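Comments concern the structure below.
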Amino acid sequence: MLTLSTISKTYANGTQALQNLSLAVEAGEIVALVGGSGCGKTTLLRLISGLEHPTNGKVLIDGEAIVAPHPAVAVAFQEPRLLPWLTVAENIGFGLADLPKAEREARVDEALLRVGLAGYGPRWPRELSGGQAQRVSIVRALVTRPKALLLDEPFSALDAMTRASLHEHLLALWESHQPTMVIVTHDVDEAVTLADRAIVMQPRPGRIFADIPLALPRPRDKLSAEFIEAKRAILAALDGSLVDTTPTKASPRVGGAWW
Amino acid sequence: MNAATDTIVVDETGAKRPRLAAFAGNRALLGLILPVSAALLYEAAFRFGLVEARLLPAPSRILATLVDLGKSGELWTHVLATVLRVLAGFVIGAGVGTLFGALTGASETARRLLDPTLQALRAIPSLAWVPLFILWLGIFEASKITLIAVGVFFPVYLGVMGSIANIDRKIIEVGRAFRLSRLQLARRILLPAILPDYIVALRSGLGLGFMFVVAAEIMGASEGLGFLLVDGQQLGKPDQILAAIIAFALIGKASDGLLVAAARPFLRWQDSFTAAGR
């Protein structure tokens with residue numbers, strides 16, 4: 001569904017953010033990109049979003065190249081980035097300007113209901129808490145019913161309680177249309193809670209170090225042995241990714257054999 | 001919440017504090033206390049013969065002069081002349097300022113090309129242009145309006161350029177992620193984002209417009225509030241000077257209030273912020 005083939009990204013200042021990275025994501029799959037800072041995970045997400053362009057290689061969605069922001073791909077950023085001059089409802093409907101008013105309002109109302117913010121439509125973004133604003137930001141991306149949703153550390157600024165409740169909200173939202181999701185995170189717990197697959201990345205230059213399937217049953221119990229085992233596998237891969245930073249000819253890919 | 005605290009205050013200290021709070025809540029009234037009591041004090045001093053009011057006439061005298069000028073219709077002629085000059089200069093100055101500000105704010109090339117020159121021109125005290133404008137444009141309306149327009153231009157130009165440069169790149173990216181065209185981006189993101197700063201720029205432009213209309217009218221005019229000032233000086237009528245000054249204050253405040261009121265519907269999202277922060 002999402003295909004990245006031999007992607008490289010070198011910035012104008014010479015920083016090589018990504019090198020020969022290939023990745024395929026299936027429709028409806030939830031993939032977590034995990035890695036230390038500077039490993040290019042946010043860059044990778046921005047390449048998929050079409051906000052930036054790879055120096056080499058291609059990003060394809062259903063076989064179609066992404067060269068600019070694509071209608072089938074939506075993004076939720078690290079900060080909510082709500083427009084302060086629009087009400088909560090207008091913010092959610094921002095990407096629906098082409099729809100008739102009645103349908104737009106119906107979709108917005110439904111979205112508000114789904115994230116537990118019914119009645120918040122007429123409020124201003126300033127009146128929301130951080131968690132509420134981030135929920136609005138995520139549904140703003142989802143109301144356009146994209147095939148793929150990209151999330152760039154969307155919960156990193158929130159406290160643990162709020163984060164846990166937003167994980168549930170996100171999975172509930174995913175249920176309805178089951179978009180493909182790529183979520184950047186540095187929180188191993190978050191990766192195991194949400195994802196079907198964790199991609200552990202390695203810095204300088206950014207590339208994939210390990211590809212760890214997370215075939216745990218849902219809903220996931222954070223105290224179960226499998227959950228803890230999966231966390232351990234990702235943590236071990238993260239440790240390995242930071243120790244071995246010399247690029248080898250074939251980028252080291254460790255498959256499901258990891259655990 | 002407020003009602004609750006008020007009740008507690010009443011319980012503790014009787015009915016005094018809530019009444020004061022209610023008065024303080026009406027900010028307009030609070031602002032009037034100082035000038036009104038100063039005027040009353042001076043009036044009383046004058047009545048009791050404590051001051052000699054030849055150079056600083058009593059408030060009642062100034063008021064009477066103002067009323068007389070109003071009744072004879074003379075005041076309105078002058079007010080109209082001044083207001084029309086400011087309006088014309090403001091529209092031209094703000095329009096051109098907005099245009100150049102938008103250009104230099106949006107395009108790096110335009111900024112490098114135009115901004116140094118404009119900044120150099122800004123460094124010239126605007127009144128230094130007066131002789132040149134009179135030489136070029138004559139002593140009638142054109143030179144006055146040009147001077148006012150120059151005064152209005154710079155704050156508006158700087159405000160627009162600065163506000164465009166200061167727009168949060170992250171918010172623009174939201175527009176890009178939603179695949180807005182350049183025009184949509186301008187209308188749905190840039191315009192609302194710069195509006196608060198733009199209103200501030202227009203207000204300071206308008207303030208300077210009034211400053212420069214006085215300068216222009218003092219240089220030579222047969223009508224206008226600035227003319228009333230000069231006329232009062234030459235005829236030794238301080239009450240007329242003060243009447244004109246008060247008229248300036250009232251018109252300036254009113255036009256600023258009008259601008260703010262016109263912008264208010266678009267800035268409601270900010271109102272709610274100040275309301276919450278109070």
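As shown in the structure tokens, the chain order sets the letters A, B, ...; within each chain, residues go from 1, and ligands are also counted from 1 in the order they appear.
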Checklist line | Test item: chain B residues at most 12 Å from chain A, counting only C-alpha atoms, as a PyMOL selection string | finding: chain B and resi 167-181+184-185+188-196+265-277
Next item on the list: Identify all residues of range 86-155 of chain A in strand (DSSP E or B) (DSSP on the backbone) and supply them as a ChimeraX atom specification.
Entry: /A:148-152
Item checked: Pro57 in chain B environment, 9 Å, only C-alpha atoms, sequence neighbours closer than 6 positions dropped, as a PyMOL selection string -> chain B and resi 46+238-239+242
Resulting file, chosen residues, C-alpha atoms, as an mmCIF file, in the first residue's frame:
```cif
data_model
loop_
_atom_site.group_PDB
_atom_site.id
_atom_site.type_symbol
_atom_site.label_atom_id
_atom_site.label_comp_id
_atom_site.auth_asym_id
_atom_site.auth_seq_id
_atom_site.Cartn_x
_atom_site.Cartn_y
_atom_site.Cartn_z
ATOM 1 C CA PHE B 46 -10.448 79.869 39.239
ATOM 2 C CA PRO B 238 -5.840 80.143 24.495
ATOM 3 C CA ASP B 239 -9.411 78.904 24.949
ATOM 4 C CA LEU B 242 -7.479 74.249 23.986
#
```
Next item on the list: Counting only C-alpha atoms, figure out which residue out of A:Leu173, A:Gln178, A:Pro146, A:Gly57 gets nearest to Leu112 in chain A.
Entry: A:Leu173
Note to self: When you look at range 140-149 of chain B with a cut-off of 8 Å (counting only C-alpha atoms), what residues show up, excluding the ones that are within fewer than 4 positions of it in the same chain? I need them as JSON, numbers by chain.
What the structure shows: {"B": [85, 86, 88, 89, 90, 91, 92, 93, 94, 126, 127, 129, 130, 133, 134, 136, 153, 208, 209, 210, 212, 213, 216, 217, 221]}
Please produce an output containing C-alpha atoms for each residue in the selection, written as a tab-separated table (two decimals), in the first residue's frame.
```
chain	number	residue	atom	x	y	z
B	85	ARG	CA	-7.44	65.07	5.11
B	86	VAL	CA	-6.62	62.32	7.59
B	88	ALA	CA	-7.51	60.55	2.42
B	89	GLY	CA	-3.93	60.35	3.70
B	90	PHE	CA	-4.72	57.27	5.77
B	91	VAL	CA	-6.35	55.39	2.90
B	92	ILE	CA	-3.45	56.14	0.55
B	93	GLY	CA	-0.70	55.56	3.12
B	94	ALA	CA	-2.23	52.40	4.55
B	126	SER	CA	8.98	63.04	7.89
B	127	LEU	CA	8.56	66.75	8.52
B	129	TRP	CA	9.68	66.52	3.44
B	130	VAL	CA	7.37	69.48	3.98
B	133	PHE	CA	6.13	68.63	-0.94
B	134	ILE	CA	5.03	72.26	-0.92
B	136	TRP	CA	6.25	70.05	-5.77
B	153	PHE	CA	2.86	54.47	5.36
B	208	LEU	CA	0.58	59.20	13.10
B	209	GLY	CA	-1.93	60.44	10.54
B	210	PHE	CA	-3.38	62.76	13.17
B	212	PHE	CA	0.93	64.81	10.64
B	213	VAL	CA	-2.34	66.53	9.88
B	216	ALA	CA	0.40	70.04	7.71
B	217	GLU	CA	-2.28	72.44	8.90
B	221	ALA	CA	-4.21	76.16	5.93
```
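Around Ser204 in chain B, within 9 Å and counting only C-alpha atoms, the residues found are Val152, Pro155 and Val156 of chain B, once anything fewer than 6 positions away on its own chain is removed.
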Using C-alpha atoms, can you export the residues from the last selection as a compact mmCIF listing (two decimals), in the first residue's frame?
```
# COMPACT_ATOMS: atom_id res chain seq x y z
CA VAL B 152 0.81 56.50 7.83
CA PRO B 155 4.06 51.89 10.57
CA VAL B 156 1.69 50.02 8.27
```
Tell me, as a PDB file with N, CA and C atoms, in the first residue's frame, which residues lie within 9 Å of Thr98 in chain B, counting only C-alpha atoms; anything in the same chain fewer than 2 positions away does not count.
```pdb
ATOM      1  N   GLY B  93      -1.886  56.057   2.407  1.00  0.00           N
ATOM      2  CA  GLY B  93      -0.699  55.562   3.120  1.00  0.00           C
ATOM      3  C   GLY B  93      -0.846  54.110   3.528  1.00  0.00           C
ATOM      4  N   ALA B  94      -2.014  53.773   4.086  1.00  0.00           N
ATOM      5  CA  ALA B  94      -2.234  52.399   4.546  1.00  0.00           C
ATOM      6  C   ALA B  94      -2.295  51.448   3.352  1.00  0.00           C
ATOM      7  N   GLY B  95      -2.932  51.900   2.262  1.00  0.00           N
ATOM      8  CA  GLY B  95      -3.031  51.052   1.076  1.00  0.00           C
ATOM      9  C   GLY B  95      -1.662  50.732   0.507  1.00  0.00           C
ATOM     10  N   VAL B  96      -0.862  51.778   0.300  1.00  0.00           N
ATOM     11  CA  VAL B  96       0.466  51.565  -0.274  1.00  0.00           C
ATOM     12  C   VAL B  96       1.342  50.792   0.718  1.00  0.00           C
ATOM     13  N   PHE B 100       3.244  47.263  -0.141  1.00  0.00           N
ATOM     14  CA  PHE B 100       4.690  47.060  -0.050  1.00  0.00           C
ATOM     15  C   PHE B 100       5.035  46.080   1.070  1.00  0.00           C
ATOM     16  N   GLY B 101       4.316  46.172   2.177  1.00  0.00           N
ATOM     17  CA  GLY B 101       4.568  45.256   3.295  1.00  0.00           C
ATOM     18  C   GLY B 101       4.304  43.820   2.891  1.00  0.00           C
ATOM     19  N   ALA B 102       3.222  43.607   2.144  1.00  0.00           N
ATOM     20  CA  ALA B 102       2.882  42.256   1.703  1.00  0.00           C
ATOM     21  C   ALA B 102       3.944  41.741   0.740  1.00  0.00           C
ATOM     22  N   LEU B 103       4.383  42.626  -0.137  1.00  0.00           N
ATOM     23  CA  LEU B 103       5.380  42.249  -1.135  1.00  0.00           C
ATOM     24  C   LEU B 103       6.696  41.852  -0.467  1.00  0.00           C
ATOM     25  N   PHE B 153       2.257  55.565   6.108  1.00  0.00           N
ATOM     26  CA  PHE B 153       2.864  54.470   5.357  1.00  0.00           C
ATOM     27  C   PHE B 153       3.798  53.602   6.208  1.00  0.00           C
ATOM     28  N   VAL B 156       2.477  51.073   8.910  1.00  0.00           N
ATOM     29  CA  VAL B 156       1.693  50.018   8.266  1.00  0.00           C
ATOM     30  C   VAL B 156       2.622  49.077   7.489  1.00  0.00           C
ATOM     31  N   TYR B 157       3.566  49.673   6.760  1.00  0.00           N
ATOM     32  CA  TYR B 157       4.530  48.869   5.991  1.00  0.00           C
ATOM     33  C   TYR B 157       5.297  47.916   6.911  1.00  0.00           C
ATOM     34  N   LEU B 158       5.858  48.483   7.985  1.00  0.00           N
ATOM     35  CA  LEU B 158       6.650  47.659   8.907  1.00  0.00           C
ATOM     36  C   LEU B 158       5.786  46.597   9.570  1.00  0.00           C
ATOM     37  N   GLY B 159       4.572  46.981   9.945  1.00  0.00           N
ATOM     38  CA  GLY B 159       3.677  46.033  10.621  1.00  0.00           C
ATOM     39  C   GLY B 159       3.327  44.858   9.723  1.00  0.00           C
ATOM     40  N   VAL B 160       2.973  45.150   8.479  1.00  0.00           N
ATOM     41  CA  VAL B 160       2.577  44.072   7.572  1.00  0.00           C
ATOM     42  C   VAL B 160       3.771  43.171   7.261  1.00  0.00           C
ATOM     43  N   MET B 161       4.918  43.795   6.967  1.00  0.00           N
ATOM     44  CA  MET B 161       6.099  42.994   6.645  1.00  0.00           C
ATOM     45  C   MET B 161       6.470  42.094   7.827  1.00  0.00           C
ATOM     46  N   TYR B 198      -1.952  43.403  11.998  1.00  0.00           N
ATOM     47  CA  TYR B 198      -2.323  44.389  10.998  1.00  0.00           C
ATOM     48  C   TYR B 198      -3.161  45.497  11.621  1.00  0.00           C
TER      49      TYR B 198
END
```
Check: Using the chain letters and numbers from this document, which residues of range 60-193 of chain A does DSSP assign to helix (DSSP H, G or I), as an NGL selection string?
Finding: :A and (88-96 or 101-114 or 125-127 or 130-142 or 160-177 or 188-193)
